[in-house]
Amino acid sequence: MEILNNKKVISRLKNAKRMVVLTGAGISAESGIPTFRGENGLWTKLSPNELASFEAFYNNTAVVTEWYKHRREIIEDSKPNPGHCALVELSKIPEVFNLITQNIDGLHQKAGCEDVIELHGNIMECYCIKCGKRYTSEKFDEIYNNTLKHIPKCDCGGLIRPDVVWFGEPLSRENIERAYQVSINADVFLSIGTSAQVAPASDLPRYAKRNGALLIEVNPNRTVLTDIVDLWLKGDAGDILPKFVEEYKNVKEN
Ligand code: BV8
Ligand code: ZN
């Protein structure tokens with residue numbers, strides 16, 4: 001056993017029935033999608049409220065629209081990495097498995113995860129802020145390429161925005177309530193590739209731990225969670241997760 005060598009952790013993993021995973025931008029870093037707060041994180045150059053808020057979109061529509069279009073292009077060319085694929089394998093082991101992500105890149109679904117709780121929405125979807133009409137990214141690009149100032153508008157005249165949750169916007173009630181529910185009932189909670197700084201997603205590992213879950217973190221760096229986790233697997237998700245899944249399978253079978 002290379003990464004699971006603590007007897008207490010092994011026995012709790014062995015008896016675990018309900019597993020919850022929360023992922024953040026770090027799990028997609030090895031797919032070439034920049035994280036938010038790392039050394040070359042997206043927002044180190046530009047501040048979050050300059051870009052990921054409705055005010056920024058409304059007051060600076062072309063800049064924010066460009067940023068999302070640029071990110072969509074990076075994401076469209078990106079592929080799931082061994083970390084995403086390992087989670088598909090992991091999802092088949094425990095009796096109950098829930099995957100919650102803060103990411104908007106859809107890579108968990110591309111890897112084969114069916115039921116993903118996307119707390120912050122999905123960058124590939126857009127909608128009109130006036131009439132709510134939904135647009136695929138293809139449709140959006142068609143309109144975008146035919147507008148003069150890169151300010152795509154709906155046929156009703158309303159602005160078209162990405163279907164993501166911006167700072168200061170509420171998360172979908174259904175998603176966050178389901179995320180809370182599964183987290184407080186978890187036997188094991190894995191926090192993977194997140195700096196755990198954005199609420200309410202950052203509440204989830206804490207709620208899980210408070211309700212008795214074994215809390216495991218996968219991250220090459222320390223985070224605000226590291227001091228309270230039961231096991232910190234220090235390293236890249238693409239490297240750690242395939243090993244974790246292999247060893248967890250052995251624990252379950254022996
Ligand atoms: C809300 C979608 C209420 C858009 C995003 C003051 C204190 C506390 C909270 C607040 C506050 N002021 C405001 C708030 C609330 C605010 C918040 O939490 N702000 C923070 C910054 C303080 N939250 C909100 O506004 C939320 N809404 O609270 O609404 C409300 C209720 C009713 C009515 C009205 C309002 C909405 C939050 C959602 C914001 N949207 N994304 C977009 O993506 O463009 S958040 C954005 O940050 C992404 O979703 C991202 O996933 C998320 C979290 O970041 P991380 O995923 O953790 O990424 P990060 O770069 O930080 O970390 C990466 C980690 O990976 C690092 O630890 C790194 O070490 C690690 N890593 C790197 N490489 C690897 C790796 N790990 C593993 N393997 C590797 N290879
Ligand atoms: Zn409209």
# chains A, B, ... in the order shown; residues from 1 in each chain; ligands from 1
call {"tool": "closest_atom_pairs", "arguments": {"of": "chain A", "to": "ligand 2", "cutoff": "12 Å", "atoms": "only C-alpha atoms and all ligand atoms", "output": "CSV"}}
result
residue,atom,partner,partner_atom_place_in_ligand_line,distance
A:Cys126,CA,ligand 2,1 (Zn),11.1
A:Tyr127,CA,ligand 2,1 (Zn),7.8
A:Cys128,CA,ligand 2,1 (Zn),4.6
A:Ile129,CA,ligand 2,1 (Zn),6.7
A:Lys130,CA,ligand 2,1 (Zn),5.0
A:Cys131,CA,ligand 2,1 (Zn),4.0
A:Gly132,CA,ligand 2,1 (Zn),5.9
A:Lys133,CA,ligand 2,1 (Zn),5.4
A:Arg134,CA,ligand 2,1 (Zn),8.5
A:Tyr135,CA,ligand 2,1 (Zn),10.0
A:Pro152,CA,ligand 2,1 (Zn),10.8
A:Lys153,CA,ligand 2,1 (Zn),7.5
A:Cys154,CA,ligand 2,1 (Zn),4.5
A:Asp155,CA,ligand 2,1 (Zn),5.8
A:Cys156,CA,ligand 2,1 (Zn),4.3
A:Gly157,CA,ligand 2,1 (Zn),6.0
A:Gly158,CA,ligand 2,1 (Zn),4.8
A:Leu159,CA,ligand 2,1 (Zn),7.3
A:Ile160,CA,ligand 2,1 (Zn),7.6
A:Arg161,CA,ligand 2,1 (Zn),10.6
call {"tool": "residues_near_ligand", "arguments": {"ligand": "ligand 1", "cutoff": "7 Å", "atoms": "only C-alpha atoms and all ligand atoms", "output": "PyMOL selection string"}}
result
chain A and resi 23-27+29-30+35-38+41+52+102-104+120-121+164-171+192-200+218-223+235-238
call {"tool": "closest_residue", "arguments": {"among": "A:Ala186, A:Leu148, A:Ile3, A:Val20", "to": "Thr101 in chain A", "atoms": "only C-alpha atoms"}}
result
A:Val20
call {"tool": "closest_residue", "arguments": {"among": "A:Lys139, A:Lys234, A:Arg173, A:Lys92", "to": "Glu125 in chain A", "atoms": "only C-alpha atoms"}}
result
A:Lys139
call {"tool": "residues_around", "arguments": {"residues": "Ser91 in chain A", "least_positions_apart": "3", "cutoff": "10 Å", "atoms": "only C-alpha atoms", "output": "ChimeraX atom specification"}}
result
/A:19-21,86-88,94-99,113-114,245
call {"tool": "select_by_dssp", "arguments": {"residues": "range 30-248 of chain A", "states": "helix (DSSP H, G or I)", "output": "PyMOL selection string"}}
result
chain A and resi 42-45+48-51+54-59+61-76+82-90+107-111+137-145+173-184+203-210+226-228+237-248
call {"tool": "closest_residue", "arguments": {"among": "A:Ile123, A:Ala201, A:Ile75, A:Ile240", "to": "Ile216 in chain A", "atoms": "only C-alpha atoms"}}
result
A:Ile240
call {"tool": "select_by_dssp", "arguments": {"residues": "range 97-171 of chain A", "states": "strand (DSSP E or B)", "output": "number ranges by chain"}}
result
A: 97-101, 116-118, 121-128, 134-136, 153, 159-164
call {"tool": "write_last_selection", "arguments": {"atoms": "N, CA, C and O atoms", "output": "short mmCIF file (atom, residue, chain, number, x, y, z; two decimals), in the first residue's frame"}}
result
data_model
loop_
_atom_site.label_atom_id
_atom_site.label_comp_id
_atom_site.auth_asym_id
_atom_site.auth_seq_id
_atom_site.Cartn_x
_atom_site.Cartn_y
_atom_site.Cartn_z
N PHE A 97 -22.52 6.75 -4.00
CA PHE A 97 -21.44 7.67 -4.40
C PHE A 97 -22.06 8.94 -4.98
O PHE A 97 -22.96 8.86 -5.81
N ASN A 98 -21.60 10.07 -4.47
CA ASN A 98 -22.06 11.36 -5.04
C ASN A 98 -20.86 12.23 -5.42
O ASN A 98 -19.92 12.33 -4.64
N LEU A 99 -20.94 12.80 -6.63
CA LEU A 99 -19.88 13.69 -7.09
C LEU A 99 -20.43 15.12 -7.18
O LEU A 99 -21.41 15.37 -7.88
N ILE A 100 -19.78 16.01 -6.44
CA ILE A 100 -20.16 17.43 -6.44
C ILE A 100 -18.97 18.20 -7.03
O ILE A 100 -17.84 17.95 -6.63
N THR A 101 -19.23 19.07 -8.00
CA THR A 101 -18.11 19.85 -8.54
C THR A 101 -18.41 21.34 -8.55
O THR A 101 -19.56 21.75 -8.66
N VAL A 116 -23.65 14.29 -11.92
CA VAL A 116 -22.71 15.27 -11.35
C VAL A 116 -23.49 16.47 -10.83
O VAL A 116 -24.31 17.04 -11.57
N ILE A 117 -23.28 16.83 -9.57
CA ILE A 117 -23.92 18.03 -9.05
C ILE A 117 -23.02 19.21 -9.39
O ILE A 117 -21.94 19.38 -8.81
N GLU A 118 -23.41 19.99 -10.42
CA GLU A 118 -22.58 21.13 -10.88
C GLU A 118 -23.01 22.39 -10.12
O GLU A 118 -23.89 23.13 -10.55
N GLY A 121 -22.73 25.68 -12.18
CA GLY A 121 -23.25 25.71 -13.56
C GLY A 121 -22.28 25.12 -14.57
O GLY A 121 -21.34 24.41 -14.21
N ASN A 122 -22.56 25.42 -15.84
CA ASN A 122 -21.77 24.84 -16.93
C ASN A 122 -21.51 25.89 -18.00
O ASN A 122 -22.44 26.50 -18.51
N ILE A 123 -20.25 26.08 -18.33
CA ILE A 123 -19.86 27.17 -19.26
C ILE A 123 -20.37 26.94 -20.68
O ILE A 123 -20.45 27.88 -21.48
N MET A 124 -20.75 25.69 -21.00
CA MET A 124 -21.18 25.40 -22.38
C MET A 124 -22.62 25.87 -22.63
O MET A 124 -23.09 25.86 -23.75
N GLU A 125 -23.32 26.21 -21.55
CA GLU A 125 -24.73 26.62 -21.70
C GLU A 125 -24.82 28.14 -21.54
O GLU A 125 -24.07 28.73 -20.75
N CYS A 126 -25.74 28.77 -22.30
CA CYS A 126 -25.97 30.21 -22.15
C CYS A 126 -27.48 30.49 -22.10
O CYS A 126 -28.27 29.63 -22.49
N TYR A 127 -27.84 31.67 -21.60
CA TYR A 127 -29.27 32.03 -21.62
C TYR A 127 -29.44 33.54 -21.67
O TYR A 127 -28.54 34.29 -21.30
N CYS A 128 -30.63 33.95 -22.14
CA CYS A 128 -30.94 35.38 -22.27
C CYS A 128 -31.38 35.93 -20.92
O CYS A 128 -32.23 35.33 -20.24
N ARG A 134 -32.71 29.70 -23.83
CA ARG A 134 -31.42 29.05 -23.66
C ARG A 134 -30.70 28.93 -25.01
O ARG A 134 -31.36 28.81 -26.05
N TYR A 135 -29.37 28.99 -24.96
CA TYR A 135 -28.57 28.89 -26.17
C TYR A 135 -27.45 27.88 -25.97
O TYR A 135 -26.80 27.89 -24.92
N THR A 136 -27.19 27.03 -26.96
CA THR A 136 -25.99 26.17 -26.88
C THR A 136 -24.79 27.06 -27.22
O THR A 136 -24.96 28.15 -27.75
N LYS A 153 -26.79 39.35 -28.55
CA LYS A 153 -28.14 39.59 -28.01
C LYS A 153 -29.12 38.56 -28.52
O LYS A 153 -28.99 38.03 -29.62
N LEU A 159 -29.48 40.57 -23.33
CA LEU A 159 -28.09 40.09 -23.40
C LEU A 159 -28.05 38.60 -23.12
O LEU A 159 -28.82 38.09 -22.30
N ILE A 160 -27.13 37.89 -23.78
CA ILE A 160 -26.99 36.44 -23.55
C ILE A 160 -25.78 36.22 -22.63
O ILE A 160 -24.69 36.72 -22.91
N ARG A 161 -26.01 35.48 -21.54
CA ARG A 161 -24.93 35.28 -20.54
C ARG A 161 -24.62 33.80 -20.39
O ARG A 161 -25.45 32.94 -20.69
N PRO A 162 -23.42 33.46 -19.83
CA PRO A 162 -23.11 32.05 -19.59
C PRO A 162 -23.95 31.53 -18.42
O PRO A 162 -24.25 32.29 -17.48
N ASP A 163 -24.31 30.25 -18.48
CA ASP A 163 -25.17 29.67 -17.43
C ASP A 163 -24.29 29.20 -16.27
O ASP A 163 -24.22 28.01 -15.97
N VAL A 164 -23.58 30.15 -15.66
CA VAL A 164 -22.73 29.83 -14.50
C VAL A 164 -23.20 30.68 -13.33
O VAL A 164 -23.89 31.69 -13.53
#
call {"tool": "residues_around", "arguments": {"residues": "Glu217 in chain A", "least_positions_apart": "6", "cutoff": "7 Å", "atoms": "only C-alpha atoms", "output": "tab-separated table (two decimals) with N, CA, C and O atoms, in the first residue's frame"}}
result
chain	number	residue	atom	x	y	z
A	190	LEU	N	-14.21	13.18	0.15
A	190	LEU	CA	-12.92	13.55	-0.46
A	190	LEU	C	-13.01	14.94	-1.04
A	190	LEU	O	-13.89	15.22	-1.85
A	191	SER	N	-12.10	15.83	-0.61
A	191	SER	CA	-12.01	17.20	-1.15
A	191	SER	C	-10.81	17.19	-2.10
A	191	SER	O	-9.67	17.03	-1.67
A	192	ILE	N	-11.08	17.37	-3.39
A	192	ILE	CA	-10.03	17.17	-4.41
A	192	ILE	C	-9.83	18.45	-5.25
A	192	ILE	O	-10.78	18.94	-5.88
A	229	VAL	N	-8.27	17.80	8.14
A	229	VAL	CA	-8.57	16.54	7.43
A	229	VAL	C	-7.95	15.35	8.17
A	229	VAL	O	-6.96	15.49	8.89
A	231	LEU	N	-6.80	12.72	6.45
A	231	LEU	CA	-5.70	12.23	5.61
A	231	LEU	C	-5.48	13.24	4.48
A	231	LEU	O	-6.42	13.54	3.73
A	232	TRP	N	-4.27	13.75	4.40
A	232	TRP	CA	-3.92	14.66	3.29
A	232	TRP	C	-3.05	13.88	2.33
A	232	TRP	O	-1.93	13.49	2.68
A	233	LEU	N	-3.60	13.60	1.14
A	233	LEU	CA	-2.82	12.91	0.11
A	233	LEU	C	-2.19	14.01	-0.74
A	233	LEU	O	-2.83	14.62	-1.60
call {"tool": "atom_distance", "arguments": {"atom1": "CA of Ile10 in chain A", "atom2": "CA of Val251 in chain A"}}
result
6.8 Å
call {"tool": "atom_distance", "arguments": {"atom1": "CA of His84 in chain A", "atom2": "CA of Leu107 in chain A"}}
result
7.2 Å
call {"tool": "closest_residue", "arguments": {"among": "A:Val188, A:Leu119, A:Thr147, A:Gly112", "to": "Ile176 in chain A", "atoms": "only C-alpha atoms"}}
result
A:Leu119
